[in-house]
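Asker: Below are the structure tokens for one structure; questions will follow.
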Amino acid sequence: MVKLNETHDPELKSWVDSANEAGCDFPIQNLPFGIFKRAGSDDLPRGCVAIGDQILALTHVVANGLLEGKAETAAEAALGPTLNPLMALGADHWSALRAQLSALLRDGGAEAALKDTLVPMAEVDMCMPADIGDYTDFYASINHATNAGKLFRPDNPLLPNYKHIPIAYHGRASSISVSGTPAKRPMGQLKAPDADAPVVGACNRLDYETELGVFVGPGNEQGETIAIDDAEEHIFGFCVLNDWSARDIQAWEYQPLGPFLAKNFATTISPWIVTLEAMAPYRASVYQRPEGDPVPLPYLTSDAHEKSGGLEIVLEVAIATEQIRSEGLVPHVIGTPVFKDMYWSVFQMLTHHASGGCNLQPGDFYGSGTISGTEPNQLGSLLEVTVGGKESIEFPNGETRTFLEDGDEVIMRAWCEKEGAARIGFGECRSIILPATE
Ligand code: CA
């Protein structure tokens with residue numbers, strides 16, 4: 001059930017002035033969680049919440065005795081270096097903490113007690129928000145699957161299983177890094193289509209994939225499953241995810257078991273986790289399948305899910321080359337994909353993941369798959385924008401790209417905005433490409 005409550009009231013204002021500014025990603029209606037330490041310090045990372053351009057460390061809220069009941073228990077679970085213990089507690093605790101933080105941070109709240117404890121975001125390093133045990137990457141955009149499929153298999157872009165099963169592969173958790181961490185161009189086996197044999201070399205078709213990342217809350221026991229109507233009790237929240245992809249390595253290695261080294265060298269995520277509860281105003285009906293498409297199998301659908309399984313999120317991916325950065329120009333926006341076009345919902349992904357008895361655990365993470373809309377300016381990967389490298393992108397300063405070059409910075413953002421609700425944002429997921437070690 002999607003429940004709106006007073007924390008979503010678009011009229012709410014915070015005593016933190018920057019939170020009330022138009023276009024701010026972190027108004028009082030958002031309150032995403034993260035893990036931070038003071039910039040450049042050897043402090044132990046700890047939990048915090050974003051408000052405007054400031055962060056509020058949960059240690060101060062607990063130490064001042066400002067929370068009670070489940071909210072206090074929840075905040076205590078977020079005092080350590082990862083949010084996994086908070087994720088494990090479940091929606092009652094998350095919701096109690098959100099409600100009490102909202103009361104403390106709104107006009108007339110606990111300004112006197114907390115004002116001096118706020119730290120500007122510019123003075124902190126955001127850390128990995130969770131110890132990610134397992135990472136899975138889905139493939140839930142039918143537009144992306146069709147566009148990418150055409151390039152790898154022109155005669156047969158969408159395989160016969162696509163409309164029946166949320167396709168995914170198990171990814172690599174150890175190489176997921178938080179925004180700001182550079183990504184190193186991988187070496188790998190490359191085989192030109194007309195070559196007899198592969199050679200080892202630096203990837204020269206390096207790409208990004210614009211995705212939504214999902215953090216799992218309470219898990220399920222191995223051998224147990226999660227009903228579609230219970231799926232939301234197992235989702236803590238969302239971030240922006242860049243699934244770096246080495247297209248030339250991928251093309252040679254991916255059959256028959258799927259991507260391996262083409263994907264596992266690096267993945268970058270935004271540091272703030274926007275909770276499922278914060279997303280309540282932006283829940284929507286699921287993707288309306290065209291006439292003639294199969295209906296989902298019973299375990300992947302329900303009336304409640306049909307009505308509210310969708311999420312209204314806009315994403316944006318931009319590139320800032322070294323030259324763009326040195327000249328102080330704005331990053332060049334390549335695409336603004338929309339999440340509402342996703343063929344499979346985040347709830348279907350989770351239910352399907354557990355449907356064979358796989359145990360999900362707090363802090364597990366999955367990606368939606370590249371998000372691409374139907375329009376040319378809504379594509380989530382360079383593979384699609386450049387039609388497999390056949391067409392190049394021209395930047396306003398005259399530079400061109402087909403795939404990413406060393407020194408390029410990829411910047412992804414996401415936000416939710418509509419009439420009658422407060423705009424909330426996800427912050428940024430950014431990373432610079434470093435040269436390969438050849
Ligand atoms: Ca992907």
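If you're wondering about the labels, chains in the structure tokens are A, B, ... by order shown, residues count from 1 in each chain, ligands from 1 in order shown.
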Which residues of chain A have any atom within 8 Å of an atom in ligand 1 when counting only C-alpha atoms and all ligand atoms, and what is the closest pair of atoms for each, with the distance in Å to one decimal? Order the rows by chain and rising number and write it as JSON lines.

Answerer:
{"residue": "A:Asp137", "atom": "CA", "partner": "ligand 1", "partner_atom_place_in_ligand_line": "1 (Ca)", "distance": 5.7}
{"residue": "A:Phe138", "atom": "CA", "partner": "ligand 1", "partner_atom_place_in_ligand_line": "1 (Ca)", "distance": 6.7}
{"residue": "A:Tyr139", "atom": "CA", "partner": "ligand 1", "partner_atom_place_in_ligand_line": "1 (Ca)", "distance": 6.6}
{"residue": "A:Glu209", "atom": "CA", "partner": "ligand 1", "partner_atom_place_in_ligand_line": "1 (Ca)", "distance": 5.8}
{"residue": "A:Thr210", "atom": "CA", "partner": "ligand 1", "partner_atom_place_in_ligand_line": "1 (Ca)", "distance": 7.9}
{"residue": "A:Glu211", "atom": "CA", "partner": "ligand 1", "partner_atom_place_in_ligand_line": "1 (Ca)", "distance": 7.1}
{"residue": "A:Asp243", "atom": "CA", "partner": "ligand 1", "partner_atom_place_in_ligand_line": "1 (Ca)", "distance": 5.2}
{"residue": "A:Trp244", "atom": "CA", "partner": "ligand 1", "partner_atom_place_in_ligand_line": "1 (Ca)", "distance": 7.8}
{"residue": "A:Ser245", "atom": "CA", "partner": "ligand 1", "partner_atom_place_in_ligand_line": "1 (Ca)", "distance": 7.6}
{"residue": "A:Lys263", "atom": "CA", "partner": "ligand 1", "partner_atom_place_in_ligand_line": "1 (Ca)", "distance": 8.0}
{"residue": "A:Gly367", "atom": "CA", "partner": "ligand 1", "partner_atom_place_in_ligand_line": "1 (Ca)", "distance": 6.9}
{"residue": "A:Ser368", "atom": "CA", "partner": "ligand 1", "partner_atom_place_in_ligand_line": "1 (Ca)", "distance": 7.4}
{"residue": "A:Gly369", "atom": "CA", "partner": "ligand 1", "partner_atom_place_in_ligand_line": "1 (Ca)", "distance": 4.4}
{"residue": "A:Thr370", "atom": "CA", "partner": "ligand 1", "partner_atom_place_in_ligand_line": "1 (Ca)", "distance": 5.3}

Asker: If you keep C-alpha atoms, can you produce a file of those selected residues as a PDB file, in the first residue's frame?

Answerer:
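Written file, part.pdb:
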ATOM      1  CA  ASP A 137      21.709  -6.259 -12.781  1.00  0.00           C
ATOM      2  CA  PHE A 138      18.366  -6.475 -14.575  1.00  0.00           C
ATOM      3  CA  TYR A 139      17.475  -5.525 -18.155  1.00  0.00           C
ATOM      4  CA  GLU A 209      24.571   2.656 -18.609  1.00  0.00           C
ATOM      5  CA  THR A 210      22.100   4.957 -16.848  1.00  0.00           C
ATOM      6  CA  GLU A 211      20.213   2.919 -14.268  1.00  0.00           C
ATOM      7  CA  ASP A 243      26.905   0.389 -14.942  1.00  0.00           C
ATOM      8  CA  TRP A 244      30.157   0.996 -16.873  1.00  0.00           C
ATOM      9  CA  SER A 245      30.281  -1.271 -19.895  1.00  0.00           C
ATOM     10  CA  LYS A 263      30.937  -5.122 -16.578  1.00  0.00           C
ATOM     11  CA  GLY A 367      20.123  -2.362 -10.951  1.00  0.00           C
ATOM     12  CA  SER A 368      17.113  -1.776 -13.159  1.00  0.00           C
ATOM     13  CA  GLY A 369      19.089  -2.171 -16.357  1.00  0.00           C
ATOM     14  CA  THR A 370      19.794   0.714 -18.706  1.00  0.00           C
TER      15      THR A 370
END

Asker: Would you mind listing, for every residue of range 78-147 of chain A within 10 Å of range 160-174 of chain A, the two atoms forming the shortest contact and the distance between them in Å to one decimal, using only C-alpha atoms, sorted by chain and ascending residue number, as a Markdown table?

Answerer:
| residue | atom | partner | partner_atom | distance |
| --- | --- | --- | --- | --- |
| A:Asp131 | CA | A:Ala173 | CA | 8.9 |
| A:Ile132 | CA | A:Ala173 | CA | 6.1 |
| A:Gly133 | CA | A:Ala173 | CA | 6.5 |
| A:Asp134 | CA | A:Ala173 | CA | 5.6 |
| A:Tyr135 | CA | A:Gly171 | CA | 5.2 |
| A:Thr136 | CA | A:His170 | CA | 4.4 |
| A:Asp137 | CA | A:Ala168 | CA | 5.4 |
| A:Phe138 | CA | A:Ala168 | CA | 4.0 |
| A:Tyr139 | CA | A:Ile167 | CA | 5.6 |
| A:Ala140 | CA | A:Pro166 | CA | 6.5 |
| A:Ser141 | CA | A:Pro166 | CA | 9.9 |
| A:Ile142 | CA | A:Tyr162 | CA | 8.2 |
| A:Ala145 | CA | A:Tyr162 | CA | 8.6 |
| A:Thr146 | CA | A:Tyr162 | CA | 9.9 |

Asker: Could you tell me which of A:Thr267, A:Ser302, A:Gly388, A:Met342 comes closest to Lys184 in chain A if we count only C-alpha atoms?

Answerer: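 Counting only C-alpha atoms, the residue closest to Lys184 in chain A is A:Thr267.
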
Asker: Please provide the set of residues having any atom within 7 Å of Glu391 in chain A, restricted to only C-alpha atoms, with same-chain residues fewer than 3 positions apart removed, written as a short mmCIF file (atom, residue, chain, number, x, y, z; two decimals) with C-alpha atoms, in the first residue's frame.

Answerer:
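Result written to result_0.cif:
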data_model
loop_
_atom_site.label_atom_id
_atom_site.label_comp_id
_atom_site.auth_asym_id
_atom_site.auth_seq_id
_atom_site.Cartn_x
_atom_site.Cartn_y
_atom_site.Cartn_z
CA THR A 386 25.74 6.36 -31.49
CA VAL A 387 24.07 3.25 -32.97
CA THR A 402 31.38 7.82 -30.12
#

Asker: When DSSP is applied to the backbone of this structure, which of range 229-380 of chain A are assigned helix (DSSP H, G or I)? Write them out as number ranges by chain.

Answerer: A: 229-234, 247-253, 261-264, 280-282, 298-300, 303-308, 322-326, 339-341, 346-354, 376-378

Asker: Among range 76-280 of chain A, which ones does DSSP assign to strand (DSSP E or B) (computed from the backbone)? Answer as a ChimeraX atom specification.

Answerer: /A:106,119-120,124-127,135-138,168-170,176-178,183-184,187-190,199-202,206-207,209-216,235-242,245-246,267-269,273-275

Asker: Considering only C-alpha atoms, return as a ChimeraX atom specification whatever protein or nucleic-acid residues lie within 10 Å of Gly201 in chain A, sequence-local ones (same chain, fewer than 2 positions apart) excluded.

Answerer: /A:186-191,198-199,203-204,249,436-438
